[in-house]
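A.B. asks: Just dropping this structure here.
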Amino acid sequence: MEEIGNLMHGFGVALTLPNVGFMLIGITLGVLIGVLPGLGGANGIAILLPLTFSMNPTSAIIMLSCIYWGALFGGAITSILFNIPGEPWSVATTFDGYPMAQQGRAAQALTAAFTSSFVGALFAVVLITFLAPLLAKFALKFGPAEFFAVQLLTFCSFVGMSKEPPAKVLAAMMLGFALAAVGLDSVTGTLRMTYGVPELLKGFDFLIAVIGLFGIGEVLLTMEEGLAFKGKSAYINPKVVLQTWAELPRYWMTFLRSTAVGCWMGITPGGATPASFMSYGLALRSSKDPLSFGKGQIEGVVAPETAAHAAGTSALLPMLTLGIPGSPTAAVLLGGLLIWGLQPGPMLFIEQKDFVWGLIASMYLGNIVGLLVVLTTVPFWASILRIPFSVIAPVIIVICAIGAYTVHSSMFDVWLMLVFGVVGYLFKKLKYPLAPMVLALVLGDMAESSFRQAMLLSQGSLSIFWSNPLVGSIAGLAIIMLLWPLWGVIRGWAKARERERRVW
Amino acid sequence: MSEKPETSGQSVGTRWPELIVAAVLMLLAVLVIVDSLRVGIGWAEDGPRSGYFPFYIGVLLLLSSGSVLIGQLLRWRRDDPEFAERGQIALVIAVLVPMAVYVGLIALLGIYLASLALIAYFMRRHGRYGWPLTGAVSVGVPLFFFIVFERWFLVPLPKGPIENLLGF
């Protein structure tokens with residue numbers, strides 16, 4: 001087992017005193033970011049990225065990835081105690097987590113959420129440990145058609161799996177692609193859609209979009225709901241933890257299914273948010289007692305948290321092996337790698353052994369540290385949320401403005417952030433999903449160039465997407481995903497007709 | 001936003017916001033399509049032209065936002081779910097306007113003084129804090145960021161005439 005040896009070496013790298021210190025700082029910052037509305041994994045890391053340029057890359061990525069784990073953990077706290085998802089991927093956790101808190105079972109819900117997060121992440125890290133080197137080898141055979149088919153599957157899954165109306169999912173996604181296309185076309189050198197505005201030459205940076213959509217948009221939404229957080233307080237004592245742990249093995253099937261969903265959605269860039277909804281839906285559908293969901297069913301906390309953390313973690317797998325980020329946050333980390341002078345991809349596993357295996361080992365350690373930190377410090381985070389929003393809101397706005405400015409040192413970006421904030425608010429209110437838009441913005445250029453290369457190979461014939469079994473099955477699955485909502489629409493219509501007939 | 005007689009007077013329906021957002025998206029789609037046609041959507045000797053991919057993006061955007069728009073028009077006479085209450089919209093605007101002023105002030109005064117003003121405004125206006133606490137937080141936070149960014153991490157942020165006077 002070559003991987004085990006590499007991993008042990010990685011533990012040697014990660015377990016130095018400064019790196020463990022960075023891990024703790026990262027987890028703490030991450031939970032803070034995850035708890036505060038308006039700051040999330042993606043925009044939190046985006047804002048902090050410029051501060052790590054002077055650090056050694058291994059320590060920097062350990063700290064930044066720990067921020068990510070911390071944010072994943074932190075999102076659950078606000079969802080369960082305050083019914084406010086601190087992160088988009090913890091929206092599904094509110095469905096059953098908040099009712100549990102209302103029934104006085106907050107400690108149980110939190111323990112279940114943290115433990116499921118930990119289990120999901122652990123499975124995903126084991127997967128990364130053994131699959132990443134294999135995938136890196138396998139990926140060398142991928143052509144542009146295969147890459148595009150994988151991306152197509154990602155985006156079609158959004159249409160098929162989202163709770164939002166398919167037309168709006170598609171519209172939000174296409175807006176992301178359109179924004180990604182603005183600026184200089186790197187293949188032909190032509191300017192596109194700039195309409196003579198010089199600031200648009202460099203296009204729309206997704207970091208700005210992330211900060212605006214999730215940061216400012218979230219502040220506006222929170223403001224609308226009033227300035228006070230009305231939450232349940234919680235204190236986790238060891239007895240409840242042990243009791244909940246004793247109960248959890250009963251849901252092994254949910255754990256397995258959610259981990260599988262999470263890992264799949266994380267590797268194909270579906271991301272943590274759809275993964276959490278999907279696995280919640282699956283748990284609901286396969287439950288013997290579906291009516292108890294939404295009323296404080298512990299399985300309804302286990303399923304989305306496991307999947308979200310599994311997806312969030314496994315999103316780093318394609319980022320490391322293929323250079324395709326599996327989530328907005330992974331995309332931000334990818335940007336970091338490039339800035340530190342590391343080229344993600346198969347060669348990373350050969351040339352930067354210390355870095356890769358140090359990072360993977362830190363995922364194991366970071367999640368253990370994270371679990372311990374959140375289990376012991378919940379009351380502290382809950383009390384941070386009690387600081388009135390009239391103090392937190394302007395500070396978050398200032399942090400977002402600083403973050404947007406430092407990306408390119410440009411004032412135009414700060415204005416742009418404000419515009420994206422309004423867009424984020426309107427989209428949230430009108431149920432346009434933000435995740436596909438951001439991912440389209442991140443992957444737009446990549447998807448376009450693989451599509452164009454595929455078209456070049458086939459001289460413009462779409463038949464290249466079913467020219468061999470591999471690409472054919474990925475593309476076929478994508479089409480099924482895309483058409484999935486139609487089935488629901490037909491059934492919905494039939495049901496509505498039936499009901500109308502009965503009423504009249 | 002025009003208020004329809006059948007809505008309760010206290011809330012704004014989703015009808016108009018829905019329609020306007022869909023229309024703006026359609027407009028953007030037209031912009032994408034027009035510019036893609038300009039740079040060419042066909043093939044050159046060396047492969048697809050620049051508009052090849054964005055053109056279809058634009059078409060899909062037009063179709064999807066168009067279907068949202070038509071769906072909204074078809075539903076026009078039926079129920080109008082609440083977008084937000086008037087008071088809530090007033091609150092959002094009460095945040096949005098200071099934000100815009102803040103970004104404007106960054107360009108004029110630099111980020112530190114602008115942040116001071118923003119935090120003080122929020123705490124006085126929305127939090128109704130007394131001057132001592134307001135002063136402490138609104139001076140403390142920008143000072144903290146100044147030390148972190150300019151001193152520790154050496155990342156320069158926008159500065160204005162006052163910082164220049166002080167020699168930074």
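Identifiers for the structure tokens are assigned positionally: chains receive A, B, ... in sequence, residues are indexed from 1 per chain, and ligands are indexed from 1 in the order shown.
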What residues in chain B lie within 7 Å of chain A, counting only C-alpha atoms, written as a short mmCIF file (atom, residue, chain, number, x, y, z; two decimals) with N, CA and C atoms, in the first residue's frame?

C.D. replies:
```
data_model
loop_
_atom_site.label_atom_id
_atom_site.label_comp_id
_atom_site.auth_asym_id
_atom_site.auth_seq_id
_atom_site.Cartn_x
_atom_site.Cartn_y
_atom_site.Cartn_z
N GLU B 18 -40.98 39.80 -10.34
CA GLU B 18 -40.78 38.63 -11.20
C GLU B 18 -40.68 39.05 -12.66
N VAL B 32 -26.22 39.50 -25.31
CA VAL B 32 -25.27 38.41 -25.56
C VAL B 32 -25.38 37.93 -26.99
N ASP B 35 -24.07 40.54 -29.60
CA ASP B 35 -22.61 40.65 -29.66
C ASP B 35 -21.98 39.37 -30.19
N GLY B 47 -11.15 27.03 -36.53
CA GLY B 47 -12.09 26.48 -35.56
C GLY B 47 -13.24 27.41 -35.28
N PRO B 48 -14.00 27.11 -34.20
CA PRO B 48 -15.18 27.91 -33.91
C PRO B 48 -14.80 29.36 -33.60
N SER B 50 -15.51 33.24 -31.87
CA SER B 50 -15.71 33.62 -30.47
C SER B 50 -17.16 33.56 -30.03
N PHE B 53 -19.96 29.63 -28.81
CA PHE B 53 -20.51 29.13 -27.54
C PHE B 53 -21.47 30.12 -26.89
N PRO B 54 -21.07 31.40 -26.74
CA PRO B 54 -21.97 32.37 -26.08
C PRO B 54 -23.31 32.52 -26.78
N ILE B 57 -25.59 30.08 -25.38
CA ILE B 57 -25.87 30.52 -24.01
C ILE B 57 -26.95 31.59 -24.02
N LEU B 60 -30.35 30.12 -24.90
CA LEU B 60 -30.93 29.40 -23.76
C LEU B 60 -31.41 30.37 -22.68
N LEU B 61 -30.63 31.44 -22.46
CA LEU B 61 -31.03 32.43 -21.46
C LEU B 61 -32.33 33.10 -21.88
N SER B 64 -35.22 30.54 -21.43
CA SER B 64 -35.60 30.23 -20.05
C SER B 64 -36.22 31.45 -19.38
N SER B 65 -35.61 32.64 -19.57
CA SER B 65 -36.20 33.81 -18.91
C SER B 65 -37.51 34.18 -19.60
N SER B 67 -39.63 32.05 -20.76
CA SER B 67 -40.69 31.18 -20.25
C SER B 67 -41.12 31.60 -18.85
N VAL B 68 -40.17 32.14 -18.07
CA VAL B 68 -40.55 32.67 -16.75
C VAL B 68 -41.51 33.85 -16.94
N PHE B 83 -44.08 39.24 -2.03
CA PHE B 83 -42.65 39.39 -2.23
C PHE B 83 -42.02 39.80 -0.91
N GLN B 88 -40.52 45.85 5.25
CA GLN B 88 -39.29 45.11 5.00
C GLN B 88 -38.51 45.73 3.86
N ILE B 89 -39.24 46.13 2.81
CA ILE B 89 -38.56 46.75 1.67
C ILE B 89 -37.92 48.06 2.10
N LEU B 91 -36.74 48.66 4.98
CA LEU B 91 -35.53 48.30 5.73
C LEU B 91 -34.38 47.97 4.77
N VAL B 92 -34.70 47.21 3.72
CA VAL B 92 -33.66 46.84 2.76
C VAL B 92 -33.09 48.08 2.11
N VAL B 103 -19.68 52.98 -0.50
CA VAL B 103 -18.75 52.68 -1.60
C VAL B 103 -18.29 53.98 -2.25
N SER B 115 -15.43 53.44 6.48
CA SER B 115 -15.90 52.36 7.35
C SER B 115 -16.33 52.91 8.70
N LEU B 118 -19.70 54.37 8.24
CA LEU B 118 -20.74 53.36 8.03
C LEU B 118 -21.12 52.69 9.35
N ILE B 119 -20.11 52.28 10.11
CA ILE B 119 -20.40 51.57 11.35
C ILE B 119 -21.12 52.50 12.33
N PHE B 122 -24.78 52.94 11.25
CA PHE B 122 -25.60 51.76 11.56
C PHE B 122 -25.92 51.68 13.05
N MET B 123 -24.87 51.90 13.87
CA MET B 123 -25.07 51.73 15.30
C MET B 123 -26.00 52.79 15.86
N HIS B 126 -29.71 52.25 13.45
CA HIS B 126 -30.44 51.00 13.60
C HIS B 126 -30.32 50.40 14.99
N GLY B 127 -29.16 50.62 15.64
CA GLY B 127 -28.97 50.01 16.95
C GLY B 127 -29.31 50.94 18.10
N PHE B 153 0.13 42.41 6.99
CA PHE B 153 0.12 41.68 5.74
C PHE B 153 0.56 42.54 4.56
#
```

A.B. asks: List the neighbours of A:Phe147 out to 10 Å using only C-alpha atoms; skip same-chain residues closer than 4 positions along the sequence, and give me the result as a ChimeraX atom specification.

C.D. replies: /A:139,142-143,151-153,322,324,446-447,449-451,454,471,474

A.B. asks: Between B:Gly58, B:Ser138, B:Leu31, B:Arg15, single out the one closest to B:Arg77, counting only C-alpha atoms.

C.D. replies: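 The closest residue to B:Arg77 is B:Arg15.
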
A.B. asks: Skip stretch 94-111 of chain A itself and residues of its chain fewer than 3 positions away, then list as a VMD selection string all residues within 8 Å of it, counting only C-alpha atoms.

C.D. replies: chain A and resid 76 to 77 79 to 85 90 to 91 114 to 115 232 to 237 240 to 241 244 to 245 293 to 298 300 to 301 375

A.B. asks: Just N, CA, C and O atoms for this one: save the residues we selected as a CSV table (one decimal), in the first residue's frame.

C.D. replies:
```
chain,number,residue,atom,x,y,z
A,76,ALA,N,-24.0,24.5,10.4
A,76,ALA,CA,-25.0,23.7,11.1
A,76,ALA,C,-25.5,24.4,12.4
A,76,ALA,O,-26.7,24.3,12.7
A,77,ILE,N,-24.6,25.2,13.0
A,77,ILE,CA,-25.0,25.8,14.3
A,77,ILE,C,-26.1,26.8,14.1
A,77,ILE,O,-27.2,26.8,14.8
A,79,SER,N,-28.2,27.0,11.5
A,79,SER,CA,-29.4,26.4,11.0
A,79,SER,C,-30.2,25.8,12.1
A,79,SER,O,-31.4,26.0,12.1
A,80,ILE,N,-29.5,25.1,13.0
A,80,ILE,CA,-30.3,24.4,14.1
A,80,ILE,C,-30.8,25.4,15.1
A,80,ILE,O,-31.9,25.4,15.5
A,81,LEU,N,-29.9,26.3,15.6
A,81,LEU,CA,-30.3,27.2,16.7
A,81,LEU,C,-31.2,28.3,16.3
A,81,LEU,O,-32.0,28.8,17.0
A,82,PHE,N,-30.9,28.9,15.1
A,82,PHE,CA,-31.5,30.1,14.7
A,82,PHE,C,-32.4,30.0,13.5
A,82,PHE,O,-33.0,31.0,13.1
A,83,ASN,N,-32.5,28.8,12.9
A,83,ASN,CA,-33.3,28.6,11.7
A,83,ASN,C,-32.7,29.5,10.5
A,83,ASN,O,-33.5,29.9,9.6
A,84,ILE,N,-31.5,30.0,10.6
A,84,ILE,CA,-30.9,30.8,9.6
A,84,ILE,C,-29.7,30.0,9.0
A,84,ILE,O,-28.7,29.7,9.7
A,85,PRO,N,-29.8,29.5,7.8
A,85,PRO,CA,-28.7,28.8,7.3
A,85,PRO,C,-27.5,29.7,7.1
A,85,PRO,O,-27.6,30.6,6.3
A,90,SER,N,-26.4,24.4,4.3
A,90,SER,CA,-27.1,23.9,5.5
A,90,SER,C,-28.5,24.3,5.5
A,90,SER,O,-29.2,24.2,6.5
A,91,VAL,N,-29.0,24.8,4.3
A,91,VAL,CA,-30.5,25.1,4.3
A,91,VAL,C,-31.3,23.8,4.6
A,91,VAL,O,-32.2,23.9,5.4
A,114,PHE,N,-22.9,17.6,13.8
A,114,PHE,CA,-21.5,17.6,13.8
A,114,PHE,C,-20.9,16.2,13.5
A,114,PHE,O,-19.9,16.0,12.8
A,115,THR,N,-21.5,15.2,14.2
A,115,THR,CA,-21.0,13.8,14.0
A,115,THR,C,-21.2,13.4,12.5
A,115,THR,O,-20.3,12.8,11.9
A,232,LYS,N,-32.6,29.7,19.8
A,232,LYS,CA,-32.6,28.8,20.9
A,232,LYS,C,-31.1,28.8,21.5
A,232,LYS,O,-30.2,28.8,20.7
A,233,SER,N,-31.0,28.7,22.8
A,233,SER,CA,-29.7,28.5,23.3
A,233,SER,C,-29.4,27.0,23.5
A,233,SER,O,-30.3,26.2,23.6
A,234,ALA,N,-28.1,26.7,23.5
A,234,ALA,CA,-27.8,25.3,23.6
A,234,ALA,C,-26.5,25.1,24.4
A,234,ALA,O,-25.6,25.9,24.3
A,235,TYR,N,-26.5,24.1,25.1
A,235,TYR,CA,-25.2,23.7,25.8
A,235,TYR,C,-25.1,22.2,25.6
A,235,TYR,O,-26.1,21.5,25.9
A,236,ILE,N,-24.0,21.8,25.1
A,236,ILE,CA,-23.9,20.3,24.8
A,236,ILE,C,-23.2,19.7,26.0
A,236,ILE,O,-22.0,20.1,26.3
A,237,ASN,N,-23.8,18.8,26.7
A,237,ASN,CA,-23.1,18.1,27.7
A,237,ASN,C,-22.7,16.7,27.3
A,237,ASN,O,-23.4,16.1,26.4
A,240,VAL,N,-25.4,13.9,26.6
A,240,VAL,CA,-26.2,14.0,25.4
A,240,VAL,C,-25.4,13.5,24.2
A,240,VAL,O,-25.9,12.7,23.3
A,241,VAL,N,-24.2,13.8,24.2
A,241,VAL,CA,-23.3,13.4,23.1
A,241,VAL,C,-23.3,11.9,23.0
A,241,VAL,O,-23.5,11.3,21.9
A,244,THR,N,-26.6,10.5,21.9
A,244,THR,CA,-26.9,10.6,20.5
A,244,THR,C,-26.0,9.7,19.7
A,244,THR,O,-26.4,9.1,18.7
A,245,TRP,N,-24.7,9.5,20.1
A,245,TRP,CA,-23.8,8.6,19.4
A,245,TRP,C,-24.3,7.2,19.4
A,245,TRP,O,-24.2,6.5,18.5
A,293,PHE,N,-40.7,13.8,8.8
A,293,PHE,CA,-39.7,14.8,8.3
A,293,PHE,C,-40.3,16.2,8.3
A,293,PHE,O,-41.4,16.4,8.1
A,294,GLY,N,-39.4,17.1,8.7
A,294,GLY,CA,-39.8,18.5,8.8
A,294,GLY,C,-40.4,18.8,10.1
A,294,GLY,O,-40.7,20.0,10.4
A,295,LYS,N,-40.5,17.8,11.0
A,295,LYS,CA,-41.0,18.1,12.3
A,295,LYS,C,-40.0,17.7,13.4
A,295,LYS,O,-40.4,17.6,14.6
A,296,GLY,N,-38.8,17.5,13.0
A,296,GLY,CA,-37.8,17.2,14.0
A,296,GLY,C,-37.3,15.8,14.0
A,296,GLY,O,-37.0,15.2,15.0
A,297,GLN,N,-37.2,15.3,12.8
A,297,GLN,CA,-36.7,13.9,12.6
A,297,GLN,C,-35.2,14.0,12.5
A,297,GLN,O,-34.6,14.7,11.7
A,298,ILE,N,-34.5,13.2,13.4
A,298,ILE,CA,-33.0,13.3,13.5
A,298,ILE,C,-32.4,12.9,12.2
A,298,ILE,O,-31.3,13.4,11.7
A,300,GLY,N,-33.4,13.6,9.3
A,300,GLY,CA,-33.4,14.8,8.5
A,300,GLY,C,-32.3,15.7,8.7
A,300,GLY,O,-32.0,16.7,8.0
A,301,VAL,N,-31.5,15.6,9.9
A,301,VAL,CA,-30.3,16.3,10.1
A,301,VAL,C,-29.1,15.5,9.6
A,301,VAL,O,-28.2,16.1,9.0
A,375,LEU,N,-17.9,20.8,19.2
A,375,LEU,CA,-18.7,20.2,20.3
A,375,LEU,C,-18.5,21.0,21.6
A,375,LEU,O,-19.4,21.0,22.4
```

A.B. asks: Report the distance between atom CA of A:Glu247 and atom CA of A:Ser116 in Å, rounded to one decimal place.

C.D. replies: 12.2 Å

A.B. asks: Quick check for you: according to DSSP on this backbone, which residues of stretch 221-423 of chain A are classed as alpha helix (DSSP H)? Reply as a ChimeraX atom specification.

C.D. replies: /A:221-224,238-247,252-267,272-286,299-314,316-321,328-339,348-351,353-384,389-408,411-423

A.B. asks: Just checking: using only C-alpha atoms, which residue out of B:Tyr56, B:Trp76, B:Trp43, B:Trp131 ends up closest to B:Leu19?

C.D. replies: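 Ranked by minimum distance to B:Leu19, first place goes to B:Trp76.
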
A.B. asks: What gap, in Å, lies between atom CA of A:Leu122 and atom CA of A:Gly5?

C.D. replies: 18.5 Å

A.B. asks: Enumerate the residues of chain B with a DSSP assignment of strand (DSSP E or B), computed from the backbone, and present them as a ChimeraX atom specification.

C.D. replies: /B:11-13,43-44,47-48,82-85,110,159

A.B. asks: Rank A:Ala260, A:Val378, A:Ile208, A:Leu317 by their smallest atom-to-atom distance to A:Ala46, using only C-alpha atoms, and report the top residue only.

C.D. replies: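 Of A:Ala260, A:Val378, A:Ile208, A:Leu317, the one nearest A:Ala46, counting only C-alpha atoms, is A:Ile208.
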